[in-house]
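J.: The following file, protein-v4.txt, comprises compact mmCIF, C-alpha atoms:
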```
# COMPACT_ATOMS: atom_id res chain seq x y z
CA MET A 1 0.00 0.00 0.00
CA ASN A 2 1.47 3.30 -1.09
CA ILE A 3 -0.10 5.88 1.21
CA GLN A 4 0.43 9.47 0.07
CA HIS A 5 -2.22 11.44 1.98
CA HIS A 6 -2.21 11.53 5.77
CA PRO A 7 -4.34 13.29 8.38
CA SER A 8 -2.71 16.54 9.52
CA ASP A 9 -0.77 16.56 12.80
CA ALA A 10 -3.68 18.29 14.54
CA TRP A 11 -5.89 15.23 13.89
CA LEU A 12 -3.15 12.81 14.96
CA LEU A 13 -2.48 14.80 18.15
CA ASP A 14 -6.18 14.74 18.98
CA PHE A 15 -6.18 11.00 18.30
CA ALA A 16 -3.14 10.40 20.53
CA CYS A 17 -4.74 12.48 23.30
CA GLY A 18 -8.17 10.84 23.05
CA ASN A 19 -9.85 14.14 22.18
CA LEU A 20 -11.90 13.11 19.18
CA PRO A 21 -15.60 12.31 18.94
CA PRO A 22 -15.86 8.50 18.60
CA LEU A 23 -16.57 8.32 14.86
CA PHE A 24 -13.64 10.58 13.94
CA ASP A 25 -11.51 8.58 16.36
CA GLN A 26 -12.57 5.40 14.55
CA ILE A 27 -11.64 6.56 11.06
CA ILE A 28 -8.26 7.96 12.16
CA LYS A 29 -7.57 4.63 13.86
CA ALA A 30 -8.40 2.76 10.64
CA HIS A 31 -5.82 4.87 8.80
CA VAL A 32 -3.14 4.67 11.52
CA ASP A 33 -3.52 0.89 11.58
CA VAL A 34 -2.09 0.64 8.07
CA CYS A 35 0.12 3.72 7.91
CA PRO A 36 3.68 3.38 9.28
CA VAL A 37 4.25 7.15 8.95
CA CYS A 38 1.27 8.06 11.12
CA LYS A 39 2.05 5.25 13.58
CA GLU A 40 5.36 6.99 14.29
CA VAL A 41 3.69 10.37 14.69
CA VAL A 42 1.16 8.89 17.15
CA LYS A 43 3.92 7.14 19.11
CA ASP A 44 5.81 10.43 19.40
CA ALA A 45 2.63 12.27 20.42
CA GLU A 46 2.08 9.66 23.15
CA ARG A 47 5.68 10.01 24.22
CA LEU A 48 5.23 13.75 24.46
CA GLY A 49 2.09 13.10 26.54
CA GLY A 50 4.12 11.06 29.00
CA GLU A 51 6.76 13.77 29.24
CA LEU A 52 4.22 16.57 29.70
CA LEU A 53 2.34 14.52 32.28
CA ASN A 54 5.58 14.15 34.17
CA ALA A 55 6.75 17.74 33.79
CA PHE A 56 3.57 19.65 34.61
CA GLY A 57 0.89 19.27 37.18
CA GLN A 58 0.95 18.09 40.75
CA SER A 59 -2.01 17.21 42.88
CA HIS A 60 -2.54 15.16 46.00
CA SER A 61 -1.85 11.46 45.95
CA ILE A 62 -4.50 8.91 46.76
CA PRO A 63 -3.94 6.23 49.39
CA VAL A 64 -2.17 3.27 47.86
CA GLU A 65 -4.30 0.99 50.06
CA MET A 66 -7.22 1.80 47.77
CA CYS A 67 -5.41 -0.13 45.09
CA HIS A 68 -4.08 -2.86 47.35
CA GLU A 69 -7.65 -4.01 47.85
CA LYS A 70 -7.97 -4.54 44.13
CA TYR A 71 -4.62 -6.22 43.50
CA GLY A 72 -5.05 -9.44 41.61
CA ASP A 73 -2.65 -11.57 39.66
CA ILE A 74 -0.55 -9.81 37.09
CA SER A 75 -2.08 -10.73 33.77
CA HIS A 76 -0.08 -12.63 31.20
CA THR A 77 -2.33 -11.57 28.38
CA SER A 78 -0.93 -9.15 25.85
CA TYR A 79 -2.21 -5.59 25.97
CA ASP A 80 -0.90 -2.73 23.89
CA ALA A 81 -1.86 0.53 25.49
CA SER A 82 -0.49 2.57 22.58
CA ARG A 83 -2.99 3.59 19.96
CA ALA A 84 -0.26 3.15 17.40
CA GLU A 85 -0.23 -0.60 18.07
CA SER A 86 -3.09 -2.38 16.47
CA THR A 87 -3.89 -5.36 14.33
CA GLY A 88 -6.32 -3.95 11.77
CA HIS A 89 -5.76 -4.40 8.06
CA VAL A 90 -7.48 -1.90 5.85
CA ALA A 91 -6.31 -3.78 2.77
CA ASP A 92 -8.77 -6.49 3.68
CA LEU A 93 -12.03 -4.72 3.08
CA GLU A 94 -14.33 -7.33 4.57
CA LYS A 95 -12.12 -7.53 7.64
CA LEU A 96 -12.10 -3.77 8.10
CA VAL A 97 -15.86 -3.59 7.85
CA SER A 98 -16.38 -6.49 10.23
CA THR A 99 -13.73 -5.14 12.60
CA TYR A 100 -14.91 -1.58 12.72
CA LEU A 101 -18.52 -1.72 11.78
CA ASP A 102 -19.52 -5.17 12.95
CA SER A 103 -21.54 -5.90 9.86
CA SER A 104 -21.25 -7.72 6.58
CA PHE A 105 -20.28 -5.39 3.77
CA ASN A 106 -22.78 -6.65 1.21
CA ALA A 107 -25.58 -6.63 3.74
CA LEU A 108 -25.22 -2.91 4.32
CA PRO A 109 -28.29 -0.82 3.41
CA TRP A 110 -26.94 0.85 0.26
CA LYS A 111 -29.01 3.59 -1.35
CA SER A 112 -28.62 4.87 -4.89
CA PHE A 113 -27.27 8.38 -5.26
CA GLY A 114 -27.39 8.66 -9.03
CA GLU A 115 -26.10 6.34 -11.70
CA GLY A 116 -23.11 4.28 -10.62
CA LEU A 117 -23.04 5.72 -7.13
CA LYS A 118 -24.31 4.24 -3.88
CA LEU A 119 -24.18 5.62 -0.38
CA CYS A 120 -24.91 4.07 2.95
CA ARG A 121 -25.18 5.85 6.27
CA LEU A 122 -23.82 3.58 8.98
CA ILE A 123 -23.95 5.46 12.25
CA LYS A 124 -25.06 8.87 13.44
CA GLU A 125 -23.89 10.22 16.78
CA ASP A 126 -24.91 13.73 17.73
CA ASN A 127 -23.98 15.87 14.74
CA VAL A 128 -21.46 13.42 13.30
CA GLN A 129 -22.18 10.61 10.87
CA MET A 130 -20.19 7.76 9.39
CA TRP A 131 -21.10 6.59 5.93
CA MET A 132 -19.76 4.62 3.01
CA LEU A 133 -19.56 5.44 -0.65
CA ARG A 134 -19.38 2.93 -3.49
CA GLY A 135 -18.72 4.40 -6.93
CA GLN A 136 -18.25 2.80 -10.31
CA PRO A 137 -15.29 3.74 -12.55
CA GLY A 138 -15.53 7.21 -14.08
CA VAL A 139 -18.45 8.38 -11.94
CA THR A 140 -18.36 12.06 -10.90
CA LEU A 141 -19.81 13.01 -7.52
CA PRO A 142 -21.90 16.18 -7.24
CA VAL A 143 -20.02 19.34 -6.25
CA HIS A 144 -20.41 19.88 -2.53
CA SER A 145 -19.05 21.73 0.47
CA HIS A 146 -19.32 20.97 4.18
CA LYS A 147 -20.72 22.32 7.42
CA GLY A 148 -17.85 20.98 9.49
CA SER A 149 -14.95 18.55 9.33
CA GLU A 150 -14.94 15.61 6.95
CA LEU A 151 -12.45 12.75 6.73
CA THR A 152 -12.60 10.26 3.86
CA LEU A 153 -10.62 7.01 3.94
CA VAL A 154 -10.20 5.18 0.63
CA MET A 155 -10.73 1.47 1.23
CA LYS A 156 -10.58 0.25 -2.35
CA GLY A 157 -9.88 1.80 -5.75
CA ALA A 158 -9.09 5.49 -6.17
CA TYR A 159 -10.58 8.89 -6.97
CA PHE A 160 -9.33 12.22 -8.22
CA CYS A 161 -9.98 15.49 -6.47
CA GLY A 162 -8.64 18.31 -8.56
CA SER A 163 -5.08 17.37 -9.45
CA GLN A 164 -4.67 14.96 -6.56
CA ILE A 165 -5.34 11.25 -6.54
CA PHE A 166 -6.50 9.42 -3.41
CA GLN A 167 -5.87 5.68 -3.26
CA ALA A 168 -6.42 2.81 -0.82
CA GLY A 169 -5.26 3.82 2.66
CA ASP A 170 -5.18 7.56 1.88
CA ILE A 171 -7.19 10.05 3.93
CA GLU A 172 -8.67 13.20 2.46
CA GLU A 173 -9.33 16.03 4.89
CA ALA A 174 -12.01 18.63 4.20
CA ASP A 175 -13.96 21.24 6.14
CA GLU A 176 -16.29 24.21 5.60
CA THR A 177 -13.62 26.00 3.61
CA VAL A 178 -13.35 23.20 1.07
CA GLU A 179 -15.60 22.65 -1.94
CA HIS A 180 -14.78 19.53 -3.95
CA GLN A 181 -16.00 17.12 -6.58
CA PRO A 182 -14.40 13.67 -6.40
CA VAL A 183 -14.18 11.70 -9.65
CA ILE A 184 -13.75 7.92 -9.47
CA THR A 185 -10.78 6.79 -11.56
CA SER A 186 -11.32 4.50 -14.51
CA GLY A 187 -9.34 1.70 -12.85
CA GLY A 188 -12.21 0.06 -10.99
CA GLU A 189 -14.83 0.36 -8.30
CA CYS A 190 -13.99 2.79 -5.49
CA ILE A 191 -15.17 2.29 -1.93
CA CYS A 192 -14.64 4.89 0.78
CA LEU A 193 -15.45 5.26 4.43
CA ALA A 194 -16.25 8.84 5.46
CA VAL A 195 -17.04 10.69 8.66
CA THR A 196 -18.79 14.00 8.32
CA GLU A 197 -19.78 16.69 10.77
CA GLY A 198 -23.14 18.17 9.82
CA GLN A 199 -24.80 17.61 6.49
CA LEU A 200 -23.09 17.95 3.13
CA GLU A 201 -24.02 21.04 1.14
CA PHE A 202 -24.72 20.21 -2.48
CA LYS A 203 -24.65 23.01 -5.02
CA LYS A 204 -27.26 21.61 -7.37
CA VAL A 205 -30.93 20.93 -6.71
CA LEU A 206 -31.12 17.28 -7.76
CA PRO A 207 -28.52 15.97 -5.30
CA ARG A 208 -30.20 18.03 -2.60
CA ILE A 209 -33.48 16.23 -3.24
CA VAL A 210 -31.84 12.79 -3.24
CA GLN A 211 -29.92 13.77 -0.10
CA LYS A 212 -33.19 13.90 1.83
CA PHE A 213 -33.78 10.22 1.09
CA VAL A 214 -30.22 9.03 1.62
CA GLY A 215 -29.86 11.00 4.82
CA ILE A 216 -26.29 12.24 4.53
CA MET B 1 11.26 31.64 33.25
CA LEU B 2 8.43 29.17 32.82
CA ALA B 3 10.01 26.60 35.06
CA GLN B 4 9.56 28.96 38.00
CA GLN B 5 6.04 30.01 37.17
CA GLU B 6 2.65 28.44 37.41
CA VAL B 7 0.79 28.31 34.14
CA LEU B 8 -2.77 29.37 34.73
CA ARG B 9 -5.43 27.79 32.59
CA SER B 10 -9.16 27.27 32.75
CA ASN B 11 -10.57 23.78 32.30
CA LYS B 12 -13.79 22.80 30.54
CA MET B 13 -15.94 24.05 33.39
CA GLY B 14 -14.22 27.41 33.37
CA ASN B 15 -12.40 26.76 36.63
CA ILE B 16 -8.93 28.18 36.88
CA ILE B 17 -6.31 25.51 37.25
CA LYS B 18 -2.58 25.75 37.71
CA LEU B 19 -0.16 23.71 35.70
CA THR B 20 2.90 23.73 37.83
CA PRO B 21 6.23 22.30 36.86
CA SER B 22 6.51 19.33 39.18
CA GLY B 23 9.42 20.88 41.03
CA LYS B 24 11.63 17.87 40.77
CA PRO B 25 14.54 17.65 38.37
CA ASP B 26 13.55 15.59 35.40
CA THR B 27 16.70 13.77 34.53
CA SER B 28 17.36 10.59 32.66
CA VAL B 29 18.00 9.11 36.12
CA ALA B 30 14.39 9.79 37.11
CA ARG B 31 13.14 8.28 33.86
CA ALA B 32 15.34 5.21 34.26
CA GLU B 33 14.19 4.77 37.86
CA GLU B 34 10.52 4.83 36.85
CA THR B 35 11.22 2.20 34.23
CA ARG B 36 13.22 0.09 36.69
CA LEU B 37 10.29 0.12 39.12
CA LEU B 38 7.83 -0.93 36.44
CA VAL B 39 10.13 -3.68 35.18
CA ASP B 40 10.40 -4.97 38.77
CA VAL B 41 6.60 -5.02 38.98
CA ARG B 42 6.41 -6.81 35.64
CA ASP B 43 9.09 -9.43 36.35
CA ASN B 44 8.76 -9.94 40.09
CA ALA B 45 5.28 -8.69 40.98
CA SER B 46 6.99 -6.42 43.49
CA THR B 47 4.42 -4.55 45.55
CA GLU B 48 7.20 -2.43 47.03
CA SER B 49 8.21 -1.14 43.60
CA PHE B 50 4.58 -0.70 42.64
CA ASP B 51 3.94 1.43 45.72
CA LYS B 52 6.85 3.69 44.74
CA PHE B 53 5.61 3.86 41.15
CA PHE B 54 2.17 4.67 42.51
CA GLY B 55 3.62 7.46 44.64
CA ILE B 56 5.37 9.03 41.66
CA PHE B 57 2.47 9.01 39.25
CA THR B 58 -0.84 9.32 41.10
CA PRO B 59 -0.44 13.04 41.94
CA LYS B 60 0.41 13.78 38.31
CA LEU B 61 -2.46 11.66 37.02
CA VAL B 62 -5.01 13.20 39.39
CA ALA B 63 -3.93 16.65 38.18
CA TRP B 64 -4.07 15.59 34.54
CA VAL B 65 -7.47 13.87 34.76
CA THR B 66 -8.95 16.82 36.65
CA SER B 67 -7.64 19.31 34.12
CA ARG B 68 -9.48 17.34 31.43
CA GLY B 69 -12.84 17.93 33.03
CA CYS B 70 -13.30 15.26 35.70
CA ALA B 71 -14.58 16.24 39.12
CA MET B 72 -12.06 15.56 41.87
CA GLY B 73 -13.89 12.54 43.30
CA GLU B 74 -14.25 11.02 39.87
CA ALA B 75 -10.62 11.79 39.04
CA GLU B 76 -9.48 9.78 42.04
CA SER B 77 -11.63 6.89 40.91
CA VAL B 78 -10.25 7.11 37.37
CA VAL B 79 -6.65 7.18 38.61
CA GLN B 80 -7.34 4.24 40.89
CA ASP B 81 -8.65 2.28 37.88
CA VAL B 82 -5.57 3.26 35.88
CA MET B 83 -3.25 2.08 38.64
CA VAL B 84 -5.08 -1.21 39.07
CA SER B 85 -4.81 -1.62 35.32
CA ALA B 86 -1.07 -0.80 35.49
CA TRP B 87 -0.63 -3.56 38.05
CA SER B 88 -2.66 -6.17 36.23
CA ARG B 89 -1.22 -5.35 32.80
CA ALA B 90 2.38 -4.85 33.82
CA LYS B 91 3.36 -7.95 31.82
CA SER B 92 2.65 -6.05 28.62
CA PHE B 93 5.17 -3.30 29.43
CA ASP B 94 8.04 -3.35 26.96
CA SER B 95 10.75 -0.88 27.91
CA SER B 96 12.20 -1.05 24.38
CA LYS B 97 8.97 0.41 22.99
CA ALA B 98 8.06 3.06 25.56
CA SER B 99 9.21 4.64 28.80
CA ALA B 100 7.20 3.96 31.96
CA ARG B 101 5.78 7.50 31.86
CA THR B 102 4.60 7.10 28.27
CA TRP B 103 3.07 3.74 29.13
CA ILE B 104 1.13 5.06 32.14
CA TYR B 105 0.04 8.09 30.07
CA THR B 106 -1.43 5.79 27.40
CA LEU B 107 -3.26 3.74 30.05
CA ALA B 108 -4.77 6.92 31.51
CA ARG B 109 -5.62 8.29 28.07
CA ASN B 110 -7.37 5.03 27.14
CA ARG B 111 -9.40 5.16 30.34
CA MET B 112 -10.46 8.72 29.46
CA ILE B 113 -11.53 7.54 25.99
CA ASP B 114 -13.68 4.86 27.63
CA LEU B 115 -15.27 7.55 29.78
CA TYR B 116 -15.81 9.76 26.74
CA ARG B 117 -17.57 6.93 24.92
CA SER B 118 -19.73 6.01 27.87
CA GLY B 119 -20.83 9.62 28.21
CA THR B 120 -19.48 9.86 31.75
CA ARG B 121 -16.98 12.52 30.83
CA ARG B 122 -19.58 14.74 29.26
CA ALA B 123 -21.89 14.27 32.24
CA ALA B 124 -19.05 15.20 34.57
CA ALA B 125 -18.67 18.53 32.84
CA HIS B 126 -21.97 19.62 34.34
CA GLU B 127 -21.00 18.80 37.89
CA GLU B 128 -19.92 21.35 40.42
CA VAL B 129 -16.23 20.81 40.97
CA GLY B 130 -13.52 22.36 43.03
CA THR B 131 -10.51 23.94 41.45
CA LEU B 132 -7.39 21.94 40.95
CA ALA B 133 -5.44 24.84 42.37
CA GLU B 134 -6.97 24.18 45.79
CA THR B 135 -5.49 20.72 45.96
CA MET B 136 -2.14 21.23 44.34
CA GLU B 137 0.92 20.95 46.43
CA PRO B 138 3.19 23.95 46.25
CA MET B 139 6.21 23.65 44.03
CA GLN B 140 9.21 22.47 45.94
CA ASP B 141 11.96 24.95 46.47
CA GLU B 142 14.54 23.37 44.22
CA PRO B 143 17.56 25.30 43.02
CA GLN B 144 16.99 26.81 39.61
CA LYS B 145 19.92 24.94 38.14
CA ASP B 146 18.12 21.67 38.84
CA LEU B 147 14.83 22.84 37.37
CA ALA B 148 16.62 24.00 34.27
CA ARG B 149 17.60 20.42 33.61
CA ASN B 150 14.02 19.62 32.79
CA GLN B 151 14.34 19.36 29.06
CA VAL B 152 10.62 19.20 28.41
CA ILE B 153 9.88 22.36 30.36
CA ASP B 154 12.74 24.10 28.58
CA ALA B 155 11.42 22.98 25.22
CA VAL B 156 7.89 24.13 26.07
CA GLU B 157 9.27 27.45 27.26
CA THR B 158 10.83 28.16 23.89
CA LEU B 159 7.55 27.75 22.00
CA PRO B 160 5.77 30.92 20.90
CA ALA B 161 2.89 31.57 23.33
CA GLU B 162 0.16 30.82 20.78
CA GLN B 163 1.67 27.42 19.96
CA ARG B 164 2.19 26.58 23.64
CA ASP B 165 -1.41 27.51 24.33
CA VAL B 166 -2.73 25.10 21.70
CA ILE B 167 -0.43 22.27 22.89
CA PHE B 168 -1.62 22.74 26.49
CA LYS B 169 -5.25 22.77 25.45
CA VAL B 170 -4.81 19.57 23.45
CA TYR B 171 -2.88 17.69 26.14
CA PHE B 172 -4.22 19.04 29.42
CA GLU B 173 -7.73 20.21 28.64
CA GLY B 174 -8.55 17.42 26.21
CA ARG B 175 -9.87 19.82 23.60
CA SER B 176 -9.86 18.92 19.93
CA HIS B 177 -8.42 21.35 17.40
CA ARG B 178 -11.97 22.23 16.30
CA GLU B 179 -13.05 22.99 19.87
CA ILE B 180 -9.96 25.18 20.29
CA ALA B 181 -10.74 27.08 17.09
CA GLU B 182 -14.27 27.74 18.34
CA GLU B 183 -13.11 28.74 21.81
CA LEU B 184 -10.44 31.14 20.57
CA ASP B 185 -12.54 32.27 17.60
CA LEU B 186 -9.73 31.43 15.19
CA PRO B 187 -9.84 29.89 11.72
CA LEU B 188 -9.46 26.11 11.86
CA GLY B 189 -6.37 26.34 9.66
CA THR B 190 -4.66 28.66 12.13
CA VAL B 191 -5.16 26.22 15.02
CA LYS B 192 -4.00 23.30 12.87
CA SER B 193 -0.90 25.24 11.93
CA ARG B 194 -0.11 26.16 15.57
CA ALA B 195 -0.61 22.55 16.67
CA ARG B 196 1.65 21.28 13.89
CA LEU B 197 4.43 23.79 14.51
CA GLY B 198 4.35 23.38 18.29
CA PHE B 199 4.27 19.60 18.10
CA GLN B 200 7.06 19.42 15.52
CA LYS B 201 9.33 21.58 17.67
CA LEU B 202 8.68 19.55 20.83
CA ARG B 203 9.01 16.31 18.89
CA LYS B 204 12.37 17.38 17.55
CA SER B 205 13.60 18.59 20.93
CA PHE B 206 12.88 15.36 22.74
CA LYS B 207 14.14 13.23 19.86
CA ASP B 208 17.40 15.13 20.11
CA SER B 209 17.73 15.12 23.87
CA ILE B 210 15.84 12.27 25.52
```
Could you write out this file's structure as structure tokens?
T.:
Amino acid sequence: MNIQHHPSDAWLLDFACGNLPPLFDQIIKAHVDVCPVCKEVVKDAERLGGELLNAFGQSHSIPVEMCHEKYGDISHTSYDASRAESTGHVADLEKLVSTYLDSSFNALPWKSFGEGLKLCRLIKEDNVQMWMLRGQPGVTLPVHSHKGSELTLVMKGAYFCGSQIFQAGDIEEADETVEHQPVITSGGECICLAVTEGQLEFKKVLPRIVQKFVGI
Amino acid sequence: MLAQQEVLRSNKMGNIIKLTPSGKPDTSVARAEETRLLVDVRDNASTESFDKFFGIFTPKLVAWVTSRGCAMGEAESVVQDVMVSAWSRAKSFDSSKASARTWIYTLARNRMIDLYRSGTRRAAAHEEVGTLAETMEPMQDEPQKDLARNQVIDAVETLPAEQRDVIFKVYFEGRSHREIAEELDLPLGTVKSRARLGFQKLRKSFKDSI
């Protein structure tokens, strides 16, 4: 996997500090799982967390006896506390879906969003939603902007956005300042996982009507 | 100099908290000792070493968890859970991958994520809480030459104020870059840029020196 597009450091810092709403946390984790570059950034951000924890802040201690009561055997099971250590494999689409979404990919409730394009909303939490996109080769998505942050993880295939190409494992970052129109490459079907804050803002009427039925 | 000053911040409930340099010289000896204690817990189930490890980290963890929006009573409970977890999962500690302080930080961070997901953390934000400043122990009167050895504090001190502010908000207040942009009424790109620049400088400084 040749990953070229990564989340910005601000996203990775938030991830390493546990600051993200769960759905954004989930999609960053899916990328970090397969991206050695971002794994290193997250490890360093955690290391910095340990150093800052040590350097700043003092409060009272709590009686150690409170923990003595709960002492049990030291576990021999493996446990990686670092968020950079994980076993996910985004290259295996079915595995990613079953790992992260606990559902069979083909059984997902896909809805048509124009010819050659299907969308499926998976989860909605507060103002944030996770959805999937499945586009056939050459399909152009409607021009749209956003009402908040959006992260898109390519799971299979590729799409163009302007002069940039996003391929499996890449993350595209967008927000209210970004207006874009992804175009699926001619190489094959493209499947993406996306997390969006607020609803998408489509420029044309027809997508806006369909949007009401698809719910994104 | 920052090492001699308290950094005043407000947490998510608007309470003023103090982030005080711990007052103890942060040398490689201290780091190595923490790791030695944890390795002794891992290999020999030493309760004596664990009690020392506990004594080093619980005051720091209580301060950290409180600054991220937990009420004091809840913070103590969270830190207790983290320490029980540190004991029971000590076998997974690999000193070639992380220092003891990084390892305990990741355990505490993971516990906070669990709270976030369960909604407890958000509920806690509505509780009446005391200020962390009321419970903090005063900084010990260490000679300045010892404090200056704290490489992390020195590195933080050299950051431009706006970058330091964002780094503190991310690490100590648990605010996302979007929340920070809204709070400071800044464009998202500005906050992202400050976070990136601040993090890259700190990352470089501790890669060079630790």
J.: List as number ranges by chain: which residues have an atom within 10 Å of (-7.6, 11.4, 16.2), counting all atoms listed in the file?
T.: A: 7-29, 32, 42, 83; B: 176
J.: Would you pick out the contacts of B:Arg178 at 9 Å or less, using all atoms listed in the file, so that residues sharing its chain but fewer than 2 positions from it are not included, and give the list as a list in words?
T.: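 The contact residues come out as Ser149 of chain A; Arg175, Ser176, Ile180, Ala181, Glu182, Glu183, Leu188, Val191 and Lys192 of chain B.
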J.: So that I can see what lies close to stretch 193-204 of chain B, please list as a PyMOL selection string the residues with an atom at most 8 Å from it, counting all atoms listed in the file and leaving out residues fewer than 3 positions away in the same chain.
T.: (chain A and resi 8-10+44-45+48) or (chain B and resi 152+155-156+159+162-164+166-167+177+189-190+207-208)
J.: Kindly provide, as a PyMOL selection string, the residues of chain B having any atom no farther than 7 Å from an atom of chain A, counting only C-alpha atoms.
T.: chain B and resi 19-22+51+55+58-60+62-64+76+80+84+87-92+101-103+105-107+109+113+117+135-137+152-153+170-171+174-177+192+195-196+203
J.: I need the residues from that last selection saved to file as a CSV table (one decimal), in the frame of the given file (with C-alpha atoms), if you can.
T.:
```
chain,number,residue,atom,x,y,z
B,19,LEU,CA,-0.2,23.7,35.7
B,20,THR,CA,2.9,23.7,37.8
B,21,PRO,CA,6.2,22.3,36.9
B,22,SER,CA,6.5,19.3,39.2
B,51,ASP,CA,3.9,1.4,45.7
B,55,GLY,CA,3.6,7.5,44.6
B,58,THR,CA,-0.8,9.3,41.1
B,59,PRO,CA,-0.4,13.0,41.9
B,60,LYS,CA,0.4,13.8,38.3
B,62,VAL,CA,-5.0,13.2,39.4
B,63,ALA,CA,-3.9,16.6,38.2
B,64,TRP,CA,-4.1,15.6,34.5
B,76,GLU,CA,-9.5,9.8,42.0
B,80,GLN,CA,-7.3,4.2,40.9
B,84,VAL,CA,-5.1,-1.2,39.1
B,87,TRP,CA,-0.6,-3.6,38.0
B,88,SER,CA,-2.7,-6.2,36.2
B,89,ARG,CA,-1.2,-5.4,32.8
B,90,ALA,CA,2.4,-4.8,33.8
B,91,LYS,CA,3.4,-8.0,31.8
B,92,SER,CA,2.6,-6.0,28.6
B,101,ARG,CA,5.8,7.5,31.9
B,102,THR,CA,4.6,7.1,28.3
B,103,TRP,CA,3.1,3.7,29.1
B,105,TYR,CA,0.0,8.1,30.1
B,106,THR,CA,-1.4,5.8,27.4
B,107,LEU,CA,-3.3,3.7,30.0
B,109,ARG,CA,-5.6,8.3,28.1
B,113,ILE,CA,-11.5,7.5,26.0
B,117,ARG,CA,-17.6,6.9,24.9
B,135,THR,CA,-5.5,20.7,46.0
B,136,MET,CA,-2.1,21.2,44.3
B,137,GLU,CA,0.9,21.0,46.4
B,152,VAL,CA,10.6,19.2,28.4
B,153,ILE,CA,9.9,22.4,30.4
B,170,VAL,CA,-4.8,19.6,23.4
B,171,TYR,CA,-2.9,17.7,26.1
B,174,GLY,CA,-8.6,17.4,26.2
B,175,ARG,CA,-9.9,19.8,23.6
B,176,SER,CA,-9.9,18.9,19.9
B,177,HIS,CA,-8.4,21.4,17.4
B,192,LYS,CA,-4.0,23.3,12.9
B,195,ALA,CA,-0.6,22.6,16.7
B,196,ARG,CA,1.6,21.3,13.9
B,203,ARG,CA,9.0,16.3,18.9
```
J.: If I take atom CA of A:Cys161 and atom CA of A:Pro182, how far is one from the other in Å, to one decimal?
T.: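 Going from atom CA of A:Cys161 over to atom CA of A:Pro182, I get 4.8 Å.
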J.: Got a sec: who's within 8 Å of A:Phe113, counting all atoms listed in the file, leaving out chain neighbours fewer than 2 positions off, as a count of residues only?
T.: 10
J.: Could you check which of A:Cys38, A:Leu108, A:Ala174, A:Ala158 is closest to A:Cys192, using all atoms listed in the file?
T.: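 Smallest separation from A:Cys192 among the options: A:Ala158.
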J.: Around stretch 153-164 of chain A, fit a box with edges along x, y and z, padding it by 3 Å on each side, then list its centre and edge lengths in Å to one decimal as JSON.
T.:
```
{"center_x": -7.7, "center_y": 9.3, "center_z": -2.8, "size_x": 12.1, "size_y": 24.1, "size_z": 19.4}
```
J.: Do you have the atom CA of A:Thr196-atom CA of B:Asp165 distance handy?
T.: 27.2 Å
J.: To one decimal in Å, tell me the separation between atom CA of A:Gln129 and atom CA of A:Lys147.
T.: 12.3 Å
J.: Of the candidates B:Arg111, B:Arg68, B:Arg42, B:Lys97, which one gets nearest to B:Asp81 if we count all atoms listed in the file?
T.: B:Arg111
J.: Dig up all the protein and nucleic acid residues within 10 Å of (9.2, -1.0, 34.9) in the file frame, using all atoms listed in the file, and format them as JSON, numbers by chain.
T.: {"B": [32, 33, 34, 35, 36, 37, 38, 39, 40, 41, 42, 43, 49, 50, 53, 90, 91, 93, 94, 95, 99, 100, 101, 103]}
J.: Would you mind putting N, CA, C and O atoms back on stretch 140-146 of chain A and writing the result as a PDB file, in the coordinates of the input?
T.:
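After the write, out.pdb holds the following:
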```
ATOM      1  N   THR A 140     -18.687  10.770 -11.511  1.00  0.00           N
ATOM      2  CA  THR A 140     -18.360  12.060 -10.900  1.00  0.00           C
ATOM      3  C   THR A 140     -19.373  12.371  -9.802  1.00  0.00           C
ATOM      4  O   THR A 140     -20.587  12.336 -10.037  1.00  0.00           O
ATOM      5  N   LEU A 141     -18.900  12.655  -8.627  1.00  0.00           N
ATOM      6  CA  LEU A 141     -19.810  13.010  -7.520  1.00  0.00           C
ATOM      7  C   LEU A 141     -20.275  14.452  -7.684  1.00  0.00           C
ATOM      8  O   LEU A 141     -19.567  15.270  -8.279  1.00  0.00           O
ATOM      9  N   PRO A 142     -21.445  14.786  -7.160  1.00  0.00           N
ATOM     10  CA  PRO A 142     -21.900  16.180  -7.240  1.00  0.00           C
ATOM     11  C   PRO A 142     -20.971  17.112  -6.455  1.00  0.00           C
ATOM     12  O   PRO A 142     -20.425  16.713  -5.423  1.00  0.00           O
ATOM     13  N   VAL A 143     -20.818  18.336  -6.965  1.00  0.00           N
ATOM     14  CA  VAL A 143     -20.020  19.340  -6.250  1.00  0.00           C
ATOM     15  C   VAL A 143     -20.657  19.598  -4.885  1.00  0.00           C
ATOM     16  O   VAL A 143     -21.877  19.772  -4.789  1.00  0.00           O
ATOM     17  N   HIS A 144     -19.843  19.603  -3.857  1.00  0.00           N
ATOM     18  CA  HIS A 144     -20.410  19.880  -2.530  1.00  0.00           C
ATOM     19  C   HIS A 144     -19.381  20.528  -1.613  1.00  0.00           C
ATOM     20  O   HIS A 144     -18.182  20.424  -1.817  1.00  0.00           O
ATOM     21  N   SER A 145     -19.898  21.210  -0.611  1.00  0.00           N
ATOM     22  CA  SER A 145     -19.050  21.730   0.470  1.00  0.00           C
ATOM     23  C   SER A 145     -19.556  21.121   1.782  1.00  0.00           C
ATOM     24  O   SER A 145     -20.392  20.206   1.758  1.00  0.00           O
ATOM     25  N   HIS A 146     -19.074  21.640   2.898  1.00  0.00           N
ATOM     26  CA  HIS A 146     -19.320  20.970   4.180  1.00  0.00           C
ATOM     27  C   HIS A 146     -19.724  21.968   5.253  1.00  0.00           C
ATOM     28  O   HIS A 146     -19.442  23.159   5.141  1.00  0.00           O
TER      29      HIS A 146
END
```
